[in-house]
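Structure data follow from model-v9.cif (mmCIF, C-alpha atoms):
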```cif
data_work
loop_
_atom_site.label_atom_id
_atom_site.label_comp_id
_atom_site.auth_asym_id
_atom_site.auth_seq_id
_atom_site.Cartn_x
_atom_site.Cartn_y
_atom_site.Cartn_z
CA LEU I 1 0.63 152.07 239.74
CA ILE I 2 -1.44 154.89 238.24
CA LYS I 3 1.33 155.63 235.75
CA LEU I 4 1.27 151.97 234.68
CA LEU I 5 -2.53 151.80 234.37
CA THR I 6 -2.76 155.02 232.31
CA ARG I 7 0.28 154.62 230.06
CA ASN I 8 -1.62 152.93 227.21
CA VAL I 9 -4.22 155.67 226.73
CA PRO I 10 -3.88 159.13 225.12
CA TRP I 11 -3.59 162.09 227.49
CA MET I 12 -7.25 163.15 227.18
CA TYR I 13 -8.31 159.77 228.62
CA LYS I 14 -5.78 159.58 231.45
CA PRO I 15 -7.89 161.40 234.11
CA ALA I 16 -10.88 159.13 233.49
CA VAL I 17 -8.78 155.95 233.57
CA ALA I 18 -6.82 157.10 236.63
CA ASN I 19 -10.06 157.27 238.62
CA ALA I 20 -12.01 154.43 236.99
CA VAL I 21 -9.48 151.77 238.05
CA PHE I 22 -10.18 152.11 241.79
CA PRO I 23 -13.40 150.05 242.04
CA ALA I 24 -11.54 147.10 240.49
CA LEU I 25 -8.34 147.61 242.48
CA ALA I 26 -10.26 147.79 245.76
CA ALA I 27 -12.24 144.64 244.90
CA HIS I 28 -9.03 142.77 245.77
CA LEU I 29 -9.08 144.02 249.36
CA HIS I 30 -10.89 141.86 251.89
CA GLY I 31 -11.21 142.07 255.64
CA THR I 32 -9.39 145.39 255.41
CA LYS I 33 -10.38 148.66 257.08
CA PHE I 34 -8.92 152.16 257.19
CA ARG I 35 -9.37 154.75 259.98
CA TYR I 36 -10.34 158.23 258.78
CA LEU I 37 -9.41 161.49 260.49
CA ASP I 38 -12.64 161.41 262.57
CA ASN I 39 -11.69 157.88 263.76
CA VAL I 40 -14.53 156.27 261.77
CA GLU I 41 -13.41 153.06 260.06
CA HIS I 42 -14.04 152.76 256.33
CA GLU I 43 -13.63 150.03 253.75
CA ALA I 44 -12.47 150.78 250.21
CA THR I 45 -15.80 151.36 248.48
CA PHE I 46 -15.63 153.08 245.08
CA MET I 47 -18.57 153.63 242.73
CA ASN I 48 -17.23 155.35 239.64
CA VAL I 49 -19.53 156.96 237.07
CA LEU I 50 -17.86 158.16 233.86
CA ILE I 51 -19.86 160.93 232.18
CA GLY I 52 -19.16 161.97 228.60
CA ARG I 53 -20.94 162.54 225.33
CA GLN I 54 -21.52 159.72 222.85
CA SER I 55 -18.46 158.30 221.05
CA VAL I 56 -16.03 160.32 223.19
CA GLY I 57 -13.96 157.27 224.18
CA LYS I 58 -15.51 156.05 227.43
CA GLY I 59 -14.50 152.51 226.47
CA SER I 60 -10.86 153.42 227.17
CA ILE I 61 -11.34 152.35 230.80
CA LYS I 62 -12.23 148.75 229.92
CA LYS I 63 -8.84 147.18 229.16
CA PRO I 64 -7.07 148.35 232.33
CA ILE I 65 -10.04 147.14 234.40
CA GLU I 66 -10.09 143.81 232.54
CA PHE I 67 -6.44 143.18 233.44
CA ILE I 68 -6.96 144.26 237.07
CA MET I 69 -9.90 141.86 237.44
CA GLU I 70 -8.37 138.92 235.57
CA ASP I 71 -7.35 136.98 238.69
CA ILE I 72 -10.83 137.37 240.22
CA ARG I 73 -12.46 136.38 236.93
CA ARG I 74 -10.39 133.19 236.88
CA ARG I 75 -11.27 132.50 240.52
CA ASP I 76 -14.98 132.92 239.75
CA ILE I 77 -15.01 130.28 236.97
CA PRO I 78 -14.81 127.14 239.16
CA ASN I 79 -17.22 128.70 241.65
CA ARG I 80 -19.79 129.27 238.92
CA GLN I 81 -19.34 125.65 237.81
CA ARG I 82 -19.79 124.37 241.36
CA GLU I 83 -22.92 126.48 241.76
CA ALA I 84 -24.35 125.07 238.50
CA GLU I 85 -23.67 121.52 239.70
CA TRP I 86 -25.30 122.25 243.05
CA LYS I 87 -28.47 123.45 241.31
CA GLN I 88 -28.74 120.11 239.52
CA LYS I 89 -28.03 117.94 242.56
CA LYS I 90 -30.22 119.82 245.06
CA ASP I 91 -27.70 119.06 247.83
CA PRO I 92 -27.01 121.61 250.57
CA ARG I 93 -25.29 124.62 248.97
CA PRO I 94 -21.49 124.65 249.56
CA THR I 95 -20.63 127.47 251.96
CA ASP I 96 -17.30 128.27 250.30
CA ILE I 97 -18.77 129.38 246.97
CA CYS I 98 -17.87 133.03 246.33
CA ILE I 99 -18.52 134.78 243.01
CA GLN I 100 -17.36 138.40 242.95
CA ILE I 101 -17.97 139.61 239.39
CA LEU I 102 -21.68 140.16 238.76
CA ILE I 103 -23.51 140.37 235.45
CA ASP I 104 -26.04 143.19 235.07
CA ASN I 105 -29.16 141.01 235.00
CA LEU I 106 -29.88 139.50 238.40
CA THR I 107 -32.76 138.67 240.69
CA ASP I 108 -32.90 139.93 244.27
CA ALA I 109 -32.17 136.40 245.45
CA VAL I 110 -28.96 136.10 243.42
CA PHE I 111 -27.74 139.57 244.36
CA ASN I 112 -28.33 138.89 248.04
CA GLN I 113 -26.69 135.45 247.80
CA ARG I 114 -23.59 137.07 246.30
CA ILE I 115 -23.47 139.63 249.13
CA VAL I 116 -23.71 136.96 251.83
CA ASP I 117 -21.22 134.63 250.09
CA ALA I 118 -18.68 137.45 249.72
CA HIS I 119 -19.03 138.35 253.39
CA ASN I 120 -18.75 134.77 254.63
CA ASN I 121 -15.66 134.07 252.53
CA GLY I 122 -13.29 136.74 253.74
CA GLU I 123 -15.43 139.91 253.74
CA ARG I 124 -14.85 140.36 250.02
CA TYR I 125 -16.30 142.81 247.52
CA ILE I 126 -18.69 142.08 244.67
CA TYR I 127 -18.05 144.06 241.49
CA THR I 128 -20.07 145.21 238.46
CA ILE I 129 -19.15 147.07 235.28
CA VAL I 130 -21.83 148.35 232.88
CA ASP I 131 -21.64 150.37 229.64
CA GLU I 132 -24.68 152.47 230.52
CA ILE I 133 -25.80 153.40 234.00
CA GLU I 134 -29.39 152.42 233.19
CA ALA I 135 -28.20 148.79 233.29
CA LEU I 136 -27.62 149.06 237.05
CA LYS I 137 -31.40 148.89 237.45
CA LYS I 138 -31.14 145.20 236.47
CA VAL I 139 -28.79 144.37 239.33
CA THR I 140 -31.90 143.45 241.33
CA SER I 141 -35.30 142.31 240.13
CA ARG I 142 -36.97 145.54 241.29
CA GLY I 143 -35.50 147.39 238.31
CA THR I 144 -35.95 150.93 239.60
CA VAL I 145 -33.74 154.00 239.88
CA ASP I 146 -34.79 154.36 243.52
CA GLU I 147 -33.44 150.89 244.30
CA VAL I 148 -30.09 151.74 242.68
CA GLY I 149 -29.90 154.90 244.79
CA LEU I 150 -30.62 152.94 247.95
CA LEU I 151 -27.91 150.40 247.10
CA ILE I 152 -25.39 153.18 246.45
CA ARG I 153 -26.09 154.76 249.84
CA LYS I 154 -25.89 151.39 251.61
CA ALA I 155 -22.74 150.33 249.78
CA PHE I 156 -20.78 153.48 250.62
CA ASP I 157 -21.49 152.96 254.31
CA ASN I 158 -21.26 149.13 254.10
CA SER I 159 -24.72 149.00 255.68
CA LEU I 160 -26.53 145.71 256.13
CA ALA I 161 -28.38 144.41 253.09
CA GLY I 162 -30.10 141.18 252.13
CA GLN I 163 -33.40 139.50 252.79
CA GLU I 164 -35.07 137.21 255.30
CA ARG I 165 -37.37 134.48 254.02
CA VAL I 166 -39.32 131.75 255.81
CA GLY I 167 -39.38 129.14 253.03
CA ALA I 168 -36.83 126.34 253.20
CA ASP I 169 -35.84 126.84 249.54
CA SER I 170 -35.64 130.64 249.77
CA VAL I 171 -32.41 132.63 249.86
CA SER I 172 -32.14 134.17 253.30
CA GLY I 173 -29.25 136.17 254.66
CA ILE I 174 -28.11 139.61 255.70
CA ALA I 175 -24.57 140.98 255.46
CA PRO I 176 -22.73 144.29 254.99
CA LEU I 177 -23.10 145.45 251.39
CA ARG I 178 -19.65 145.55 249.80
CA TRP I 179 -20.25 146.55 246.20
CA ASN I 180 -17.93 148.43 243.85
CA PHE I 181 -18.93 149.33 240.32
CA ASN I 182 -18.03 151.18 237.13
CA ALA I 183 -20.74 152.73 235.00
CA SER I 184 -20.74 155.11 232.04
CA THR I 185 -23.34 157.50 230.68
CA THR I 186 -23.90 160.76 228.83
CA PRO I 187 -24.50 164.14 230.55
CA PRO I 188 -28.27 164.24 229.79
CA ASN I 189 -28.75 160.65 230.96
CA ALA I 190 -26.70 161.27 234.11
CA ARG I 191 -28.84 164.26 235.08
CA LYS I 192 -32.03 162.35 234.31
CA PHE I 193 -30.97 159.19 236.17
CA PHE I 194 -29.88 161.04 239.31
CA ALA I 195 -32.52 163.79 239.12
CA LYS I 196 -34.10 162.81 242.46
CA MET I 197 -30.79 161.83 244.11
CA VAL I 198 -28.73 165.02 243.92
CA ASN I 199 -29.67 166.17 247.42
CA ASP I 200 -30.16 162.89 249.31
CA GLY I 201 -26.50 161.92 249.58
CA THR I 202 -26.44 159.53 246.62
CA VAL I 203 -24.44 161.67 244.16
CA SER I 204 -22.04 162.76 246.89
CA ARG I 205 -21.14 159.09 247.45
CA LEU I 206 -20.12 158.63 243.81
CA ASP I 207 -16.71 159.13 242.25
CA ILE I 208 -17.44 161.11 239.08
CA SER I 209 -15.12 161.25 236.06
CA THR I 210 -15.48 162.77 232.62
CA ILE I 211 -13.87 162.94 229.17
CA ILE I 212 -13.90 166.28 227.39
CA LYS I 213 -12.07 166.64 224.09
CA THR I 214 -10.71 169.89 222.68
CA GLU I 215 -11.21 170.84 219.04
CA SER I 216 -7.71 169.66 218.18
CA ASP I 217 -8.44 166.30 219.84
CA GLU I 218 -11.48 165.84 217.60
CA ASP I 219 -9.24 165.84 214.52
CA THR I 220 -7.04 162.98 215.71
CA ILE I 221 -7.75 159.27 215.94
CA PRO I 222 -6.97 158.12 219.52
CA LYS I 223 -4.46 155.29 219.58
CA LEU I 224 -4.40 152.89 222.52
CA GLY I 225 -1.28 151.06 223.63
CA ILE I 226 -0.93 147.28 223.70
CA TYR I 227 -2.11 145.33 226.72
CA ASN I 228 -0.14 142.08 226.90
CA ASP I 229 1.68 139.70 229.24
CA THR I 230 4.33 142.32 229.99
CA PHE I 231 1.63 144.69 231.21
CA ALA I 232 0.07 141.88 233.28
CA GLN I 233 3.40 141.00 234.89
CA GLU I 234 4.09 144.62 235.82
CA LEU I 235 0.64 144.87 237.37
CA LYS I 236 0.87 141.59 239.29
CA PRO I 237 2.88 142.70 242.37
CA TYR I 238 0.47 145.57 243.07
CA ILE I 239 -2.53 143.22 242.90
CA GLU I 240 -0.80 140.70 245.17
CA ARG I 241 -0.14 143.36 247.81
CA LEU I 242 -3.82 144.31 247.79
CA GLU I 243 -4.88 140.66 248.04
CA ASN I 244 -2.53 140.07 250.97
CA ALA I 245 -3.66 143.11 252.99
CA HIS I 246 -5.75 142.44 256.09
CA GLY I 247 -6.97 144.10 259.24
CA LEU I 248 -6.95 147.77 260.27
CA ILE I 249 -4.44 149.83 258.26
CA GLU I 250 -3.47 153.37 259.20
CA CYS I 251 -1.20 155.97 257.60
CA GLN I 252 -0.54 159.18 259.51
CA GLN I 253 0.61 161.07 256.40
CA ALA I 254 -2.65 160.24 254.64
CA LYS I 255 -4.67 161.29 257.67
CA LYS I 256 -2.85 164.64 257.93
CA LEU I 257 -3.37 165.28 254.20
CA ALA I 258 -7.10 164.53 254.54
CA LEU I 259 -7.33 166.99 257.43
CA ASP I 260 -5.52 169.70 255.45
CA MET I 261 -7.76 169.15 252.41
CA ALA I 262 -10.91 169.22 254.54
CA GLN I 263 -9.96 172.68 255.81
CA GLU I 264 -9.08 173.83 252.28
CA ASN I 265 -12.52 172.69 251.09
CA ILE I 266 -14.22 174.73 253.79
CA ASP I 267 -12.22 177.79 252.75
CA THR I 268 -12.92 177.22 249.06
CA ALA I 269 -16.67 176.80 249.63
CA ARG I 270 -16.67 180.04 251.63
CA LEU I 271 -14.84 181.89 248.84
CA TYR I 272 -17.27 180.55 246.23
CA GLU I 273 -20.20 181.13 248.60
CA SER I 274 -21.22 177.65 247.49
CA GLU I 275 -23.21 175.43 249.79
CA ALA I 276 -23.21 172.72 247.10
CA TYR I 277 -19.41 172.60 246.99
CA LYS I 278 -19.25 172.32 250.75
CA VAL I 279 -21.82 169.50 250.83
CA TYR I 280 -20.05 167.54 248.10
CA SER I 281 -16.62 168.08 249.63
CA TYR I 282 -17.23 166.00 252.78
CA ARG I 283 -17.47 162.63 251.04
CA ALA I 284 -15.15 163.66 248.19
CA ASN I 285 -12.47 163.99 250.85
CA VAL I 286 -13.19 160.47 252.14
CA ILE I 287 -13.10 159.03 248.60
CA ALA I 288 -9.79 160.71 247.76
CA TRP I 289 -8.25 159.61 251.08
CA LEU I 290 -9.38 156.03 250.44
CA LYS I 291 -7.68 156.13 247.02
CA GLY I 292 -4.52 157.22 248.79
CA MET I 293 -4.81 154.29 251.21
CA VAL I 294 -5.27 151.83 248.33
CA LEU I 295 -2.14 153.21 246.67
CA TYR I 296 -0.32 153.12 250.02
CA VAL I 297 -1.05 149.39 250.33
CA ALA I 298 -0.41 148.62 246.65
CA HIS I 299 3.02 150.28 246.87
CA GLY I 300 4.09 148.15 249.82
CA TYR I 301 2.89 150.44 252.63
CA LYS I 302 4.94 153.35 251.34
CA TRP I 303 3.70 156.95 251.21
CA ASP I 304 5.41 159.62 249.14
CA LYS I 305 4.79 162.97 247.48
CA THR I 306 3.51 161.41 244.26
CA ILE I 307 0.67 159.67 246.13
CA ALA I 308 -0.09 162.86 248.08
CA ASP I 309 -0.20 164.88 244.85
CA PHE I 310 -2.51 162.34 243.24
CA VAL I 311 -4.88 162.33 246.24
CA ARG I 312 -5.07 166.13 246.19
CA TRP I 313 -5.68 166.16 242.44
CA THR I 314 -8.28 163.37 242.40
CA GLU I 315 -10.38 165.12 245.05
CA LYS I 316 -10.39 168.40 243.12
CA TYR I 317 -11.22 166.50 239.94
CA ASN I 318 -14.13 164.62 241.52
CA LEU I 319 -15.52 167.87 242.94
CA TRP I 320 -15.08 169.67 239.64
CA CYS I 321 -16.99 166.92 237.80
CA LYS I 322 -19.80 166.95 240.39
CA MET I 323 -20.15 170.72 240.20
CA LEU I 324 -20.03 170.59 236.39
CA TYR I 325 -22.85 168.07 236.05
CA PHE I 326 -24.89 168.41 239.27
CA GLY I 327 -23.75 171.59 241.03
CA ARG I 328 -26.36 173.95 239.65
CA GLN I 329 -29.22 171.61 240.59
CA LEU I 330 -27.92 171.15 244.16
CA GLU I 331 -27.38 174.90 244.61
#
```
Take the structure I supplied and represent it as structure tokens, if you would.
Amino acid sequence: LIKLLTRNVPWMYKPAVANAVFPALAAHLHGTKFRYLDNVEHEATFMNVLIGRQSVGKGSIKKPIEFIMEDIRRRDIPNRQREAEWKQKKDPRPTDICIQILIDNLTDAVFNQRIVDAHNNGERYIYTIVDEIEALKKVTSRGTVDEVGLLIRKAFDNSLAGQERVGADSVSGIAPLRWNFNASTTPPNARKFFAKMVNDGTVSRLDISTIIKTESDEDTIPKLGIYNDTFAQELKPYIERLENAHGLIECQQAKKLALDMAQENIDTARLYESEAYKVYSYRANVIAWLKGMVLYVAHGYKWDKTIADFVRWTEKYNLWCKMLYFGRQLE
């Protein structure tokens, strides 16, 4: 699956794309849980932030994500139409409306309605993609960095979110926050945006990617492959397996790998004498393990060495990116 999703981008973009696709892939899971090595059940929450300088090619993640989300986008269209009709008629709101893809300009009421609708219609995920991380502040009407940080912390743990109102016409409802997103930004903006959230658990809950070009890369014009019906048809069976998954899913090989990597992280942090690496490694291990579980499901509940190698690599990559951009501040 990862080979398919990265085949149309030059090699310098492959790491970023390989990680950026998971929020969209996992948005197809619903009512699905995975049991971690400590026996805590997790859902497939991924919040990917791609950090790179201006004009480095961060847009390379968009086409793969667009094709992954196409079925959900099509499913949202009639639901948006039904919601528009309901607003005109003022009848009781249909309970089976579920819109998963969010724009980046919402009120608190709309955001909370989407959370509740997604929960009541199969425990589904809502999903957002923004070109610049600053746009996430518009996901709710509060428009603050602090609110984004709070949502990130709640989303990773699927904590309850929503609002209670007394008025008959007010949106009222509370449900677990299931929210995956992709956001991009530059290194200075990333450090500024998360300046107060490096040591409160917010950054550790993120999946960080980057694009760094060598001097030789700067002299070439990146050429993307063609995304067409053939690509969509090859992707389709993986998406269908994710859509059809349900209930508690376990994989002993994935659990053993997560345990081995957790011990390796402790040893590495001790060798580096780095408290920051150790702190970041706890949730990085969970994120990498969850990616492995998504691939396990997408590949028809099959685990092999290629998935294990990817999980090991993606954790090291996430940690490397976090230490590169936020490590010094956390230390």
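Distance check against Ala175 of chain I using all atoms listed in the file: of I:Asp229, I:Glu41, I:Asp117, I:Asp219, the minimum falls on I:Asp117.
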Written as a JSON list (two decimals) with C-alpha atoms, in the coordinates of the input, what is the full residue list that the PyMOL selection byres ((chain I and resi 115) around 9) yields on the file shown?
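Result file is selection-v1.json:
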```json
[["chain", "number", "residue", "atom", "x", "y", "z"],
["I", 100, "GLN", "CA", -17.36, 138.40, 242.95],
["I", 110, "VAL", "CA", -28.96, 136.10, 243.42],
["I", 111, "PHE", "CA", -27.74, 139.57, 244.36],
["I", 112, "ASN", "CA", -28.33, 138.89, 248.04],
["I", 113, "GLN", "CA", -26.69, 135.45, 247.80],
["I", 114, "ARG", "CA", -23.59, 137.07, 246.30],
["I", 116, "VAL", "CA", -23.71, 136.96, 251.83],
["I", 117, "ASP", "CA", -21.22, 134.63, 250.09],
["I", 118, "ALA", "CA", -18.68, 137.45, 249.72],
["I", 119, "HIS", "CA", -19.03, 138.35, 253.39],
["I", 120, "ASN", "CA", -18.75, 134.77, 254.63],
["I", 124, "ARG", "CA", -14.85, 140.36, 250.02],
["I", 125, "TYR", "CA", -16.30, 142.81, 247.52],
["I", 126, "ILE", "CA", -18.69, 142.08, 244.67],
["I", 161, "ALA", "CA", -28.38, 144.41, 253.09],
["I", 162, "GLY", "CA", -30.10, 141.18, 252.13],
["I", 173, "GLY", "CA", -29.25, 136.17, 254.66],
["I", 174, "ILE", "CA", -28.11, 139.61, 255.70],
["I", 175, "ALA", "CA", -24.57, 140.98, 255.46],
["I", 176, "PRO", "CA", -22.73, 144.29, 254.99],
["I", 177, "LEU", "CA", -23.10, 145.45, 251.39],
["I", 178, "ARG", "CA", -19.65, 145.55, 249.80],
["I", 179, "TRP", "CA", -20.25, 146.55, 246.20]]
```
Spatial neighbours of Tyr36 of chain I, max dist 10 Å, all atoms listed in the file, sep filter under 5 positions, as a list in words: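 In the requested form, the answer reads Glu41, His42, Glu250, Cys251, Gln252, Ala254, Lys255, Lys256, Ala258, Leu259, Val286, Trp289 and Leu290 of chain I.
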Residue with smallest distance to Ile152 of chain I - pool I:Met47, I:Glu218, I:Thr210, I:Ile68, counting all atoms listed in the file: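 Smallest distance to Ile152 of chain I is found for I:Met47.
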Result set of the PyMOL selection byres ((chain I and resi 310) around 10) on the coordinates above, as a count of residues only: 17
Which residues are close to Pro94 of chain I, i.e. within 9 Å by all atoms listed in the file, leaving aside same-chain residues fewer than 4 positions away? Reply as an mmCIF file with C-alpha atoms, in the coordinates of the input.
```cif
data_model
loop_
_atom_site.group_PDB
_atom_site.id
_atom_site.type_symbol
_atom_site.label_atom_id
_atom_site.label_comp_id
_atom_site.auth_asym_id
_atom_site.auth_seq_id
_atom_site.Cartn_x
_atom_site.Cartn_y
_atom_site.Cartn_z
ATOM 1 C CA ARG I 82 -19.790 124.370 241.360
ATOM 2 C CA GLU I 83 -22.920 126.480 241.760
ATOM 3 C CA TRP I 86 -25.300 122.250 243.050
#
```
Start from the incomplete input, build N, CA and C atoms for segment 14-34 of chain I, and deliver everything as a short mmCIF file (atom, residue, chain, number, x, y, z; two decimals), in the frame of the given file.
```cif
data_model
loop_
_atom_site.label_atom_id
_atom_site.label_comp_id
_atom_site.auth_asym_id
_atom_site.auth_seq_id
_atom_site.Cartn_x
_atom_site.Cartn_y
_atom_site.Cartn_z
N LYS I 14 -6.50 159.95 230.23
CA LYS I 14 -5.78 159.58 231.45
C LYS I 14 -6.54 159.93 232.74
N PRO I 15 -7.15 161.12 232.86
CA PRO I 15 -7.89 161.40 234.11
C PRO I 15 -9.02 160.42 234.38
N ALA I 16 -9.76 160.07 233.32
CA ALA I 16 -10.88 159.13 233.49
C ALA I 16 -10.38 157.75 233.91
N VAL I 17 -9.33 157.26 233.25
CA VAL I 17 -8.78 155.95 233.57
C VAL I 17 -8.18 155.94 234.97
N ALA I 18 -7.47 157.02 235.32
CA ALA I 18 -6.82 157.10 236.63
C ALA I 18 -7.80 156.96 237.78
N ASN I 19 -9.04 157.39 237.58
CA ASN I 19 -10.06 157.27 238.62
C ASN I 19 -10.90 156.01 238.47
N ALA I 20 -11.13 155.58 237.24
CA ALA I 20 -12.01 154.43 236.99
C ALA I 20 -11.42 153.11 237.46
N VAL I 21 -10.10 153.05 237.66
CA VAL I 21 -9.48 151.77 238.05
C VAL I 21 -9.70 151.42 239.52
N PHE I 22 -10.14 152.37 240.35
CA PHE I 22 -10.18 152.11 241.79
C PHE I 22 -11.25 151.11 242.23
N PRO I 23 -12.45 151.09 241.64
CA PRO I 23 -13.40 150.05 242.04
C PRO I 23 -12.84 148.65 241.85
N ALA I 24 -12.12 148.42 240.76
CA ALA I 24 -11.54 147.10 240.49
C ALA I 24 -10.35 146.82 241.40
N LEU I 25 -9.48 147.81 241.59
CA LEU I 25 -8.34 147.61 242.48
C LEU I 25 -8.82 147.25 243.88
N ALA I 26 -9.79 148.00 244.39
CA ALA I 26 -10.26 147.79 245.76
C ALA I 26 -11.04 146.50 245.93
N ALA I 27 -11.53 145.93 244.82
CA ALA I 27 -12.24 144.64 244.90
C ALA I 27 -11.30 143.53 245.35
N HIS I 28 -10.00 143.77 245.32
CA HIS I 28 -9.03 142.77 245.77
C HIS I 28 -8.79 142.84 247.28
N LEU I 29 -9.22 143.91 247.91
CA LEU I 29 -9.08 144.02 249.36
C LEU I 29 -10.17 143.22 250.04
N HIS I 30 -9.86 142.58 251.14
CA HIS I 30 -10.89 141.86 251.89
C HIS I 30 -10.49 141.81 253.36
N GLY I 31 -11.48 142.02 254.21
CA GLY I 31 -11.21 142.07 255.64
C GLY I 31 -10.26 143.19 256.01
N THR I 32 -10.32 144.27 255.23
CA THR I 32 -9.39 145.39 255.41
C THR I 32 -10.16 146.67 255.70
N LYS I 33 -9.73 147.40 256.70
CA LYS I 33 -10.38 148.66 257.08
C LYS I 33 -9.32 149.75 257.22
N PHE I 34 -9.78 151.00 257.05
CA PHE I 34 -8.92 152.16 257.19
C PHE I 34 -9.59 153.17 258.13
#
```
